[in-house]
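Okay, query-v4.txt is below, compact mmCIF, C-alpha atoms:
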```txt
# COMPACT_ATOMS: atom_id res chain seq x y z
CA MET A 1 -76.25 38.91 -33.43
CA ASN A 2 -79.77 40.36 -33.26
CA THR A 3 -83.02 38.51 -32.65
CA THR A 4 -83.99 38.27 -36.32
CA ASP A 5 -80.63 36.70 -37.11
CA LEU A 6 -81.03 34.24 -34.27
CA HIS A 7 -84.54 33.34 -35.32
CA GLY A 8 -83.33 32.14 -38.68
CA LEU A 9 -80.82 29.77 -37.07
CA THR A 10 -83.38 27.07 -36.17
CA GLY A 11 -82.20 24.89 -39.06
CA ALA A 12 -78.50 25.27 -38.34
CA TYR A 13 -79.17 24.61 -34.66
CA ALA A 14 -81.15 21.41 -35.27
CA LEU A 15 -78.38 20.11 -37.54
CA HIS A 16 -75.68 20.91 -34.94
CA ALA A 17 -74.16 23.35 -37.42
CA LEU A 18 -73.46 26.17 -34.96
CA ASN A 19 -70.24 26.76 -33.07
CA ASP A 20 -70.34 26.81 -29.27
CA GLU A 21 -70.80 30.56 -29.02
CA GLU A 22 -73.62 30.71 -31.55
CA ARG A 23 -75.30 27.71 -29.98
CA ALA A 24 -75.25 29.34 -26.56
CA ALA A 25 -76.71 32.55 -28.00
CA PHE A 26 -79.40 30.61 -29.82
CA GLU A 27 -80.31 28.57 -26.74
CA ARG A 28 -80.79 31.80 -24.80
CA HIS A 29 -83.06 33.02 -27.59
CA LEU A 30 -84.94 29.71 -27.53
CA THR A 31 -86.11 30.25 -23.96
CA THR A 32 -88.04 33.35 -25.06
CA CYS A 33 -89.27 32.15 -28.46
CA ASP A 34 -92.23 29.75 -28.52
CA GLY A 35 -92.40 29.36 -32.28
CA CYS A 36 -88.71 28.48 -32.43
CA GLU A 37 -89.18 25.63 -30.04
CA LEU A 38 -91.73 23.85 -32.22
CA GLU A 39 -89.65 24.44 -35.34
CA VAL A 40 -86.53 23.09 -33.65
CA ALA A 41 -88.45 20.01 -32.48
CA GLU A 42 -89.71 19.39 -36.03
CA PHE A 43 -86.30 19.93 -37.56
CA THR A 44 -84.70 17.64 -34.98
CA ALA A 45 -87.22 14.95 -35.87
CA THR A 46 -86.48 15.54 -39.56
CA ALA A 47 -82.76 15.15 -38.88
CA GLY A 48 -83.65 11.91 -37.09
CA ARG A 49 -85.06 10.61 -40.37
CA LEU A 50 -81.81 11.49 -42.12
CA ALA A 51 -80.07 9.45 -39.44
CA LEU A 52 -82.36 6.45 -39.81
CA ALA A 53 -81.65 6.40 -43.53
CA SER A 54 -77.98 5.76 -42.80
CA THR A 55 -78.55 2.74 -40.56
CA VAL A 56 -75.80 0.13 -40.95
CA ARG A 57 -75.09 -3.33 -39.61
CA THR A 58 -73.08 -3.52 -36.42
CA ARG A 59 -70.47 -6.09 -35.52
CA PRO A 60 -71.58 -8.60 -32.87
CA VAL A 61 -68.43 -7.85 -30.89
CA MET A 62 -69.55 -4.26 -30.44
CA ARG A 63 -72.73 -5.48 -28.79
CA GLU A 64 -70.74 -7.61 -26.38
CA GLN A 65 -68.42 -4.73 -25.57
CA VAL A 66 -71.19 -2.21 -24.94
CA LEU A 67 -73.23 -4.61 -22.81
CA GLN A 68 -70.07 -5.34 -20.86
CA ARG A 69 -69.20 -1.65 -20.45
CA ILE A 70 -72.56 -0.63 -19.02
CA THR A 71 -72.18 -3.05 -16.13
CA THR A 72 -69.49 -0.76 -14.72
CA VAL A 73 -71.16 2.58 -15.47
CA ARG A 74 -73.25 4.15 -12.76
CA GLN A 75 -76.45 5.74 -13.99
CA ALA A 76 -77.12 9.45 -13.64
CA SER A 77 -79.68 10.72 -11.21
CA PRO A 78 -82.82 12.09 -12.89
CA ARG A 79 -81.99 15.68 -12.05
CA THR A 80 -78.77 17.65 -12.25
CA VAL A 81 -77.95 20.62 -10.10
CA PRO A 82 -76.70 23.38 -12.35
CA LEU A 83 -73.45 25.01 -11.40
CA GLN A 84 -75.08 28.43 -11.19
CA ARG A 85 -77.14 27.35 -8.22
CA MET A 86 -74.10 26.93 -6.04
CA PRO A 87 -74.10 29.20 -3.01
CA ARG A 88 -72.31 32.49 -3.45
CA GLY A 89 -69.82 31.87 -0.69
CA ALA A 90 -68.62 28.78 -2.49
CA ARG A 91 -67.58 30.77 -5.53
CA ARG A 92 -64.72 32.64 -3.94
CA GLY A 93 -61.09 31.70 -3.65
CA ARG A 94 -60.82 28.51 -5.63
CA GLY A 95 -58.71 29.46 -8.60
CA LEU A 96 -57.17 26.08 -9.25
CA ALA A 97 -60.38 24.14 -8.85
CA GLN A 98 -62.11 26.53 -11.22
CA TRP A 99 -59.36 26.16 -13.76
CA ALA A 100 -59.58 22.38 -13.55
CA LEU A 101 -63.33 22.55 -13.99
CA ALA A 102 -63.03 24.82 -17.01
CA ALA A 103 -60.50 22.44 -18.49
CA SER A 104 -62.78 19.47 -18.02
CA VAL A 105 -65.69 21.37 -19.56
CA ALA A 106 -63.52 22.06 -22.59
CA ALA A 107 -62.56 18.41 -22.71
CA ALA A 108 -66.21 17.44 -22.43
CA ALA A 109 -67.01 19.58 -25.44
CA ALA A 110 -64.20 17.99 -27.40
CA LEU A 111 -64.59 14.37 -26.41
CA GLY A 112 -68.21 13.78 -25.58
CA GLY A 113 -69.60 10.98 -23.41
CA THR A 114 -66.84 9.85 -21.15
CA ALA A 115 -65.66 13.37 -20.63
CA VAL A 116 -69.13 14.52 -19.70
CA TRP A 117 -69.10 11.88 -17.05
CA GLN A 118 -65.72 13.16 -15.88
CA TYR A 119 -67.12 16.67 -15.89
CA GLU A 120 -69.94 15.60 -13.62
CA ARG A 121 -67.47 13.84 -11.37
CA ALA A 122 -65.53 17.09 -11.32
CA GLN A 123 -68.71 18.87 -10.32
CA ASP A 124 -69.20 16.44 -7.44
CA ALA A 125 -65.64 17.09 -6.37
CA GLN A 126 -66.28 20.78 -6.83
CA ASN A 127 -69.29 20.63 -4.55
CA GLN A 128 -67.26 18.78 -1.94
CA ALA A 129 -64.49 21.31 -2.35
CA SER A 130 -66.91 24.18 -1.88
CA GLN A 131 -68.26 22.59 1.28
CA ALA A 132 -64.71 22.34 2.55
CA GLN A 133 -64.18 25.91 1.45
CA ARG A 134 -67.23 27.10 3.39
CA HIS A 135 -65.99 25.21 6.41
CA VAL A 136 -62.62 26.94 6.18
CA GLU A 137 -64.32 30.32 5.80
CA ASP A 138 -66.54 29.73 8.85
CA LEU A 139 -63.52 28.57 10.78
CA ALA A 140 -61.42 31.57 9.81
CA GLY A 141 -64.35 33.85 10.59
CA VAL A 142 -64.37 32.72 14.21
CA LEU A 143 -60.64 32.26 14.74
CA ALA A 144 -59.76 35.62 13.21
CA ALA A 145 -62.61 37.60 14.78
CA PRO A 146 -61.26 40.63 16.70
CA ASP A 147 -63.12 39.49 19.81
CA ALA A 148 -62.12 35.79 19.60
CA LYS A 149 -61.32 34.34 23.02
CA SER A 150 -59.99 30.90 23.78
CA ARG A 151 -59.66 28.38 26.56
CA SER A 152 -57.77 25.10 26.54
CA VAL A 153 -58.27 21.86 28.40
CA LYS A 154 -56.77 18.36 28.46
CA VAL A 155 -59.10 15.91 26.78
CA ALA A 156 -58.60 12.15 27.06
CA GLY A 157 -54.84 12.33 26.76
CA GLY A 158 -54.86 15.06 24.11
CA ALA A 159 -55.70 18.73 24.22
CA GLY A 160 -58.75 20.75 23.25
CA THR A 161 -59.09 24.47 22.67
CA LEU A 162 -62.39 26.27 22.54
CA VAL A 163 -62.45 29.55 20.59
CA VAL A 164 -65.51 31.74 20.84
CA SER A 165 -66.39 34.99 19.07
CA ALA A 166 -69.13 36.88 20.86
CA SER A 167 -69.77 39.18 17.88
CA ARG A 168 -70.28 36.23 15.55
CA ASP A 169 -71.95 34.19 18.28
CA ARG A 170 -70.10 31.12 16.99
CA ALA A 171 -67.60 28.71 18.52
CA VAL A 172 -64.82 26.51 17.17
CA PHE A 173 -63.39 23.47 18.90
CA VAL A 174 -59.79 22.61 18.03
CA ALA A 175 -58.64 19.13 19.01
CA SER A 176 -55.00 18.18 19.20
CA LYS A 177 -53.79 14.58 19.42
CA MET A 178 -56.97 13.23 20.89
CA PRO A 179 -57.04 9.41 20.97
CA ALA A 180 -59.48 7.80 18.52
CA PRO A 181 -62.89 7.04 20.02
CA PRO A 182 -63.76 3.34 20.50
CA ARG A 183 -64.83 1.54 17.29
CA GLY A 184 -68.34 2.55 16.23
CA LYS A 185 -68.29 5.62 18.48
CA VAL A 186 -67.72 9.32 17.89
CA TYR A 187 -66.90 12.38 19.95
CA GLN A 188 -69.91 14.67 20.08
CA LEU A 189 -69.81 18.34 21.02
CA TRP A 190 -72.45 20.02 23.18
CA PHE A 191 -73.31 23.51 24.28
CA ALA A 192 -74.12 23.45 27.99
CA ASP A 193 -76.89 25.84 28.80
CA GLY A 194 -77.73 25.77 32.48
CA GLY A 195 -78.62 22.11 33.08
CA LYS A 196 -79.39 21.43 29.41
CA MET A 197 -77.07 20.09 26.71
CA ARG A 198 -77.57 21.26 23.13
CA ALA A 199 -76.06 19.06 20.36
CA ALA A 200 -73.37 21.01 18.50
CA GLY A 201 -71.96 18.55 15.96
CA LEU A 202 -69.68 15.55 15.66
CA MET A 203 -65.94 15.26 15.34
CA ASP A 204 -64.32 13.19 12.61
CA PRO A 205 -63.48 9.85 14.29
CA ASP A 206 -60.59 9.25 11.89
CA ARG A 207 -58.59 12.33 12.76
CA SER A 208 -56.87 12.96 16.06
CA SER A 209 -56.25 16.64 15.30
CA GLN A 210 -58.96 18.77 13.78
CA ALA A 211 -60.87 22.03 13.98
CA VAL A 212 -64.66 21.84 14.12
CA VAL A 213 -67.02 24.76 13.69
CA MET A 214 -69.64 24.01 16.31
CA GLN A 215 -73.19 23.77 14.98
CA GLY A 216 -75.58 26.48 16.00
CA ALA A 217 -75.11 29.79 17.76
CA VAL A 218 -73.44 30.02 21.16
CA ASP A 219 -76.57 31.84 22.23
CA GLY A 220 -75.53 32.48 25.79
CA ALA A 221 -74.29 28.93 26.53
CA SER A 222 -72.16 28.80 29.66
CA GLY A 223 -69.99 25.88 28.65
CA VAL A 224 -69.06 23.24 26.10
CA GLY A 225 -68.96 19.50 26.70
CA ILE A 226 -67.57 16.51 24.79
CA THR A 227 -69.04 13.03 25.14
CA VAL A 228 -68.48 9.67 23.45
CA GLU A 229 -71.61 8.68 21.53
CA PRO A 230 -72.65 5.93 19.10
CA ALA A 231 -71.74 6.67 15.45
CA GLY A 232 -74.14 9.25 14.07
CA GLY A 233 -74.44 11.01 17.40
CA SER A 234 -77.22 11.26 19.96
CA LYS A 235 -79.96 13.76 20.68
CA GLN A 236 -78.97 13.92 24.34
CA PRO A 237 -75.67 12.85 25.88
CA THR A 238 -75.66 9.14 26.80
CA SER A 239 -72.34 9.14 28.64
CA THR A 240 -70.39 11.22 31.13
CA PRO A 241 -68.51 14.05 29.37
CA VAL A 242 -64.82 13.35 28.73
CA ALA A 243 -64.27 17.10 29.01
CA LEU A 244 -66.16 20.21 30.04
CA LEU A 245 -65.04 23.79 29.44
CA GLY A 246 -66.54 27.08 30.45
CA VAL A 247 -67.19 29.45 27.57
CA PRO A 248 -64.44 32.12 27.77
CA THR A 249 -65.80 35.60 28.32
CA MET B 1 -73.64 -13.59 -38.68
CA LYS B 2 -76.28 -10.97 -39.24
CA GLU B 3 -77.40 -8.71 -36.44
CA PRO B 4 -81.08 -7.93 -36.32
CA VAL B 5 -81.76 -4.29 -37.13
CA HIS B 6 -85.08 -2.76 -36.24
CA ILE B 7 -85.76 0.87 -36.67
CA GLY B 8 -88.31 2.92 -34.89
CA THR B 9 -90.49 4.15 -37.70
CA ARG B 10 -93.59 2.18 -36.75
CA PRO B 11 -95.62 3.78 -33.95
CA SER B 12 -95.50 0.53 -31.98
CA ALA B 13 -91.71 0.41 -32.23
CA LYS B 14 -91.53 3.99 -30.95
CA SER B 15 -93.64 3.39 -27.89
CA ASP B 16 -91.82 0.11 -27.27
CA LEU B 17 -88.53 1.97 -27.28
CA GLN B 18 -89.88 4.55 -24.89
CA GLN B 19 -91.07 1.83 -22.53
CA LEU B 20 -87.72 0.05 -22.80
CA LEU B 21 -85.89 3.26 -22.03
CA HIS B 22 -88.04 3.70 -18.97
CA GLU B 23 -86.94 0.25 -17.79
CA VAL B 24 -83.32 1.10 -18.58
CA ALA B 25 -83.71 4.17 -16.39
CA LEU B 26 -84.47 1.79 -13.54
CA GLY B 27 -81.21 -0.06 -14.12
CA ASP B 28 -82.58 -2.94 -16.21
CA GLN B 29 -79.68 -4.33 -18.24
CA GLU B 30 -81.86 -6.68 -20.28
CA ALA B 31 -84.01 -3.75 -21.35
CA PHE B 32 -80.80 -1.99 -22.35
CA ALA B 33 -79.82 -4.94 -24.54
CA ALA B 34 -83.19 -4.59 -26.30
CA VAL B 35 -82.62 -0.85 -26.72
CA TYR B 36 -79.20 -1.66 -28.14
CA ASP B 37 -80.71 -4.03 -30.70
CA THR B 38 -83.19 -1.35 -31.73
CA VAL B 39 -80.86 1.62 -32.09
CA ALA B 40 -77.24 0.46 -32.45
CA GLY B 41 -77.36 0.23 -36.24
CA SER B 42 -78.68 3.77 -36.56
CA VAL B 43 -76.28 5.16 -33.96
CA LEU B 44 -73.36 3.60 -35.78
CA GLY B 45 -74.79 4.76 -39.10
CA VAL B 46 -74.88 8.39 -37.94
CA ALA B 47 -71.35 8.18 -36.60
CA ARG B 48 -70.17 6.52 -39.80
CA THR B 49 -71.63 9.11 -42.15
CA VAL B 50 -70.15 11.98 -40.13
CA LEU B 51 -66.78 10.45 -39.26
CA ARG B 52 -66.18 8.11 -42.22
CA ASP B 53 -63.51 6.29 -40.25
CA GLN B 54 -64.59 2.80 -39.18
CA ALA B 55 -62.67 2.70 -35.89
CA GLN B 56 -63.62 6.20 -34.80
CA SER B 57 -67.27 5.65 -35.69
CA GLU B 58 -67.43 2.52 -33.61
CA GLU B 59 -65.73 4.27 -30.74
CA VAL B 60 -68.20 7.15 -30.83
CA ALA B 61 -71.15 4.77 -31.27
CA GLN B 62 -70.04 2.84 -28.18
CA GLU B 63 -69.69 6.06 -26.20
CA VAL B 64 -73.16 7.15 -27.26
CA LEU B 65 -74.73 3.81 -26.34
CA VAL B 66 -73.06 3.83 -22.93
CA GLU B 67 -74.26 7.42 -22.54
CA VAL B 68 -77.80 6.25 -23.31
CA TRP B 69 -77.50 3.77 -20.46
CA ARG B 70 -76.06 6.39 -18.15
CA THR B 71 -78.47 9.20 -18.87
CA ALA B 72 -81.67 7.20 -19.49
CA PRO B 73 -83.04 8.53 -16.17
CA ARG B 74 -82.85 12.02 -17.68
CA TYR B 75 -84.80 11.26 -20.85
CA ARG B 76 -88.00 13.32 -21.00
CA PRO B 77 -90.67 11.85 -23.33
CA GLU B 78 -92.43 15.22 -23.59
CA ARG B 79 -89.37 16.62 -25.33
CA GLY B 80 -89.33 14.14 -28.20
CA THR B 81 -89.35 10.45 -29.07
CA ALA B 82 -86.81 8.12 -27.52
CA MET B 83 -85.38 7.39 -30.96
CA ASN B 84 -84.85 11.08 -31.70
CA TRP B 85 -83.30 11.63 -28.31
CA ILE B 86 -80.76 8.89 -29.02
CA LEU B 87 -80.10 9.91 -32.63
CA THR B 88 -79.64 13.55 -31.62
CA LEU B 89 -77.13 12.48 -29.00
CA ALA B 90 -75.36 10.30 -31.57
CA HIS B 91 -75.15 13.07 -34.15
CA ARG B 92 -74.01 15.60 -31.59
CA ARG B 93 -71.21 13.32 -30.36
CA ALA B 94 -70.11 12.48 -33.88
CA VAL B 95 -70.03 16.17 -34.77
CA ASP B 96 -68.08 17.00 -31.62
CA ARG B 97 -65.57 14.36 -32.54
CA VAL B 98 -65.18 15.48 -36.12
CA ARG B 99 -64.61 19.04 -34.94
CA SER B 100 -62.06 18.08 -32.33
CA VAL B 101 -58.48 19.04 -33.06
CA GLU B 102 -57.20 15.60 -34.05
CA ALA B 103 -60.01 14.90 -36.44
CA ALA B 104 -59.78 18.37 -37.96
CA ALA B 105 -56.14 17.78 -38.78
CA ALA B 106 -57.00 14.60 -40.61
CA ARG B 107 -59.99 16.06 -42.33
CA ASP B 108 -60.58 15.62 -46.02
CA THR B 109 -59.93 18.23 -48.64
CA LYS B 110 -62.59 20.67 -49.67
CA ALA B 111 -63.26 18.64 -52.82
CA ALA B 112 -63.90 15.52 -50.81
CA LEU B 113 -66.30 17.41 -48.59
CA LEU B 114 -68.54 17.90 -51.56
CA ASP B 115 -68.86 14.16 -51.95
CA HIS B 116 -71.75 14.12 -49.57
CA GLN B 117 -73.39 10.79 -50.20
CA PRO B 118 -73.60 8.84 -46.96
CA ALA B 119 -71.87 5.47 -46.86
CA TYR B 120 -74.66 3.40 -48.29
CA ASP B 121 -72.50 0.48 -49.32
CA GLU B 122 -72.72 -1.21 -45.95
CA VAL B 123 -76.30 -0.32 -45.31
CA THR B 124 -78.41 -3.10 -43.97
CA GLU B 125 -80.61 -5.06 -46.35
CA GLN B 126 -83.42 -4.79 -43.88
CA VAL B 127 -86.57 -3.90 -45.78
CA GLU B 128 -87.75 -1.18 -43.43
CA THR B 129 -84.42 0.61 -43.59
CA ARG B 130 -84.39 0.39 -47.37
CA LEU B 131 -87.82 2.00 -47.48
CA GLU B 132 -86.70 4.72 -45.10
CA GLN B 133 -83.66 5.29 -47.26
CA GLU B 134 -85.70 5.45 -50.43
CA GLN B 135 -88.05 7.96 -48.90
CA VAL B 136 -85.23 10.17 -47.63
CA ARG B 137 -83.50 10.02 -51.00
CA ARG B 138 -86.69 10.87 -52.81
CA CYS B 139 -87.33 13.82 -50.49
CA LEU B 140 -83.75 15.05 -50.75
CA ARG B 141 -84.30 15.17 -54.51
CA THR B 142 -87.18 17.62 -54.03
CA LEU B 143 -84.75 20.15 -52.54
CA THR B 144 -82.92 22.72 -54.64
CA GLU B 145 -79.28 21.92 -55.28
CA VAL B 146 -78.10 24.52 -52.73
CA GLN B 147 -80.61 23.37 -50.11
CA ARG B 148 -79.59 19.76 -50.56
CA GLN B 149 -75.87 20.46 -50.45
CA SER B 150 -76.24 22.71 -47.39
CA VAL B 151 -78.33 20.19 -45.45
CA THR B 152 -76.21 17.17 -46.31
CA LEU B 153 -72.88 18.90 -45.71
CA ALA B 154 -74.10 20.09 -42.33
CA TYR B 155 -75.82 16.90 -41.25
CA TYR B 156 -73.89 14.10 -42.93
CA ARG B 157 -70.47 15.72 -42.77
CA GLY B 158 -70.82 17.65 -39.51
CA LEU B 159 -69.83 21.03 -40.94
CA THR B 160 -70.86 24.25 -39.22
CA TYR B 161 -72.96 26.52 -41.40
CA ARG B 162 -69.93 28.82 -41.67
CA GLU B 163 -67.91 25.92 -43.07
CA VAL B 164 -70.77 25.05 -45.41
CA ALA B 165 -70.78 28.64 -46.68
CA GLU B 166 -67.05 28.43 -47.25
CA ALA B 167 -67.21 25.05 -48.97
CA LEU B 168 -69.98 26.19 -51.31
CA SER B 169 -68.60 29.74 -51.71
CA LEU B 170 -71.93 31.19 -50.63
CA PRO B 171 -72.75 34.09 -48.29
CA LEU B 172 -73.38 33.07 -44.69
CA GLY B 173 -76.94 34.39 -44.73
CA THR B 174 -77.78 32.31 -47.79
CA VAL B 175 -76.63 29.07 -46.16
CA LYS B 176 -78.51 29.88 -42.97
CA THR B 177 -81.70 30.41 -44.94
CA ARG B 178 -81.19 27.39 -47.19
CA LEU B 179 -80.68 25.13 -44.17
CA ARG B 180 -83.94 26.33 -42.74
CA ASP B 181 -86.07 26.21 -45.88
CA GLY B 182 -84.42 22.96 -46.92
CA LEU B 183 -85.46 21.41 -43.63
CA ILE B 184 -88.98 22.79 -43.98
CA ARG B 185 -89.29 21.11 -47.36
CA LEU B 186 -87.82 17.85 -46.03
CA ARG B 187 -90.08 17.95 -43.01
CA ASP B 188 -93.18 18.31 -45.19
CA CYS B 189 -92.03 15.70 -47.72
CA LEU B 190 -91.27 13.15 -44.98
CA GLY B 191 -94.48 13.97 -43.16
CA VAL B 192 -92.70 14.72 -39.89
CA ALA B 193 -95.00 15.73 -37.07
CA VAL B 194 -94.14 16.27 -33.44
```

Produce structure tokens that represent the structure in this file.
Amino acid sequence: MNTTDLHGLTGAYALHALNDEERAAFERHLTTCDGCELEVAEFTATAGRLALASTVRTRPVMREQVLQRITTVRQASPRTVPLQRMPRGARRGRGLAQWALAASVAAAAALGGTAVWQYERAQDAQNQASQAQRHVEDLAGVLAAPDAKSRSVKVAGGAGTLVVSASRDRAVFVASKMPAPPRGKVYQLWFADGGKMRAAGLMDPDRSSQAVVMQGAVDGASGVGITVEPAGGSKQPTSTPVALLGVPT
Amino acid sequence: MKEPVHIGTRPSAKSDLQQLLHEVALGDQEAFAAVYDTVAGSVLGVARTVLRDQAQSEEVAQEVLVEVWRTAPRYRPERGTAMNWILTLAHRRAVDRVRSVEAAAARDTKAALLDHQPAYDEVTEQVETRLEQEQVRRCLRTLTEVQRQSVTLAYYRGLTYREVAEALSLPLGTVKTRLRDGLIRLRDCLGVAV
């Protein structure tokens, strides 16, 4: 459809008389057409008058139901993050999630309100999934690097393995069957650099076995330490390390 | 028992609604109840004219009103009045519903589609609404037959302009143009300004 054709669709657009494809095309046109925007606004307001003319009485029970329903509905935040702004890395390798998202978008189009809410929930889940996906990609990047080297150590009754890739300058700490930290505490990872300790992320206190991509570059650190810290972590270690490993070279 | 119906045609009612919506955006449930009292009749009215079915209309109206609560923080006054924002949402949802597979299967025959008068029988006796109705009726009468049929089939029955063209056996381009010039005439007759 050419621009002239699109331009004439202001009326059909304001009356919601376009199909999805045409609406999308028109909305793209709208971003570049100042005159259209005013006309659409006027036509939308005109349609509003058609709506007002069909005002009816409502049943009191509907009022009760709606006022009851809203008490359990969480309000939207003022801004939404469009899907397109998701980082590139997050877009790869998530066939099923993408399919589920597409399905919920289709459902949103068909069903309206509730489904839109579900779609946004799906987007939240999608964002979480893409974070997890990035984590897995970072992890694989280090573990599968041609120059990956590892060293293992016993940690507090379990085992820990440090994997370092010099070319990527990143490190991964893999914990196996480590006992849970005391309540309200977490295991914190550190890069040891001479006498200094550099915070390198927290481990999940609820999982005894896990792989953590350490935060920040190895950047010549000579070793890695693990301490028990208050939940949320510390800026500097506040306890004696439960384990110390030299960075494998 | 008669529910109060107010409609936002007076300037004061408009700005009141906008202020109320602002309070709703902050999570104020009492403000929402006031918004409900202002718009529920019109929201249900839109759903009713498009969907015809009592149960479905109420369902859609409820969804829309809950959606107003949920998305109030996203309402932007610079993009139109609060009333228009809500009525646009209501019409859009009603149209989505009527076009969904289930509703399409149960849809009326082509002949019935041409019966485009909105369900006025249950319309409120509220004076303001009656005046609004009179004005809209009067202005609809200033349209040509094709303009009026195109606009009402699209708006009150939720047809796409392709379906309107089919129902009226008119070329697509004609319907597109009639929708636009019909709305221009309505806009001027109703004195709509944004």

Item to complete: Pull out every residue of chain A sitting within 7 Å of chain B, counting all atoms listed in the file, and send them as a ChimeraX atom specification.
Response: /A:8-12,15-19,41-43,45-46,48,50-58,60,66-67,70,73-79,109-114

Fill in: Separation of atom CA of B:Ala167 from atom CA of A:Arg23 in Å
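So the two atoms, atom CA of A:Arg23 and atom CA of B:Ala167, lie 20.8 Å apart.
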
Item to complete: Could you jot down the atom CA of A:Arg183 to atom CA of A:Gln236 separation for me, Å, one decimal place?
Response: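 Result for atom CA of A:Arg183 versus atom CA of A:Gln236: 20.1 Å, one decimal.
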
Discussion item. One decimal, in Å: what's the spacing between atom CA of A:Ser150 and atom CA of A:Thr238?
Written reply: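 Atom CA of A:Thr238 lies 27.0 Å from atom CA of A:Ser150.
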
Would you pick out the contacts of A:Ala25 at 12 Å or less, using all atoms listed in the file, so that residues sharing its chain but fewer than 2 positions from it are not included, and give the list as a compact mmCIF listing (two decimals) with C-alpha atoms, keeping the file's coordinate frame?
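Result file follows (result16.txt):
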```txt
# COMPACT_ATOMS: atom_id res chain seq x y z
CA MET A 1 -76.25 38.91 -33.43
CA ASN A 2 -79.77 40.36 -33.26
CA THR A 3 -83.02 38.51 -32.65
CA ASP A 5 -80.63 36.70 -37.11
CA LEU A 6 -81.03 34.24 -34.27
CA HIS A 7 -84.54 33.34 -35.32
CA LEU A 9 -80.82 29.77 -37.07
CA THR A 10 -83.38 27.07 -36.17
CA TYR A 13 -79.17 24.61 -34.66
CA LEU A 18 -73.46 26.17 -34.96
CA ASN A 19 -70.24 26.76 -33.07
CA ASP A 20 -70.34 26.81 -29.27
CA GLU A 21 -70.80 30.56 -29.02
CA GLU A 22 -73.62 30.71 -31.55
CA ARG A 23 -75.30 27.71 -29.98
CA GLU A 27 -80.31 28.57 -26.74
CA ARG A 28 -80.79 31.80 -24.80
CA HIS A 29 -83.06 33.02 -27.59
CA LEU A 30 -84.94 29.71 -27.53
CA THR A 31 -86.11 30.25 -23.96
CA THR A 32 -88.04 33.35 -25.06
```

Discussion item. Quick one: residues within 10 Å of A:Val155, only C-alpha atoms, excluding same-chain residues fewer than 5 positions away - as an MDAnalysis selection string?
Written reply: chainID A and resid 160:161 175:179 226 241:244

Worksheet, complete the sentence: Between A:Ser152, A:Thr249, A:Ser208, A:Gln68, smallest distance to A:Val186 by all atoms listed in the file belongs to A:Ser208

Worksheet item: Of the candidates A:Gly223, A:Pro181, A:Gly201, A:Pro248, which shows the shortest atom-to-atom distance to A:Ala166, using only C-alpha atoms?
Response: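 When distances to A:Ala166 are compared using only C-alpha atoms, the smallest one comes from A:Pro248.
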
Please provide as a short mmCIF file (atom, residue, chain, number, x, y, z; two decimals) with C-alpha atoms, in the frame of the given file all residues within 10 Å of A:Val174, with the sequence filter that same-chain residues fewer than 3 positions apart are discarded (counting only C-alpha atoms).
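Okay, this is what ended up in result-v5.cif:
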```cif
data_model
loop_
_atom_site.label_atom_id
_atom_site.label_comp_id
_atom_site.auth_asym_id
_atom_site.auth_seq_id
_atom_site.Cartn_x
_atom_site.Cartn_y
_atom_site.Cartn_z
CA SER A 152 -57.77 25.10 26.54
CA ALA A 159 -55.70 18.73 24.22
CA GLY A 160 -58.75 20.75 23.25
CA THR A 161 -59.09 24.47 22.67
CA LEU A 162 -62.39 26.27 22.54
CA VAL A 163 -62.45 29.55 20.59
CA ALA A 171 -67.60 28.71 18.52
CA MET A 203 -65.94 15.26 15.34
CA SER A 209 -56.25 16.64 15.30
CA GLN A 210 -58.96 18.77 13.78
CA ALA A 211 -60.87 22.03 13.98
CA VAL A 212 -64.66 21.84 14.12
CA VAL A 213 -67.02 24.76 13.69
#
```
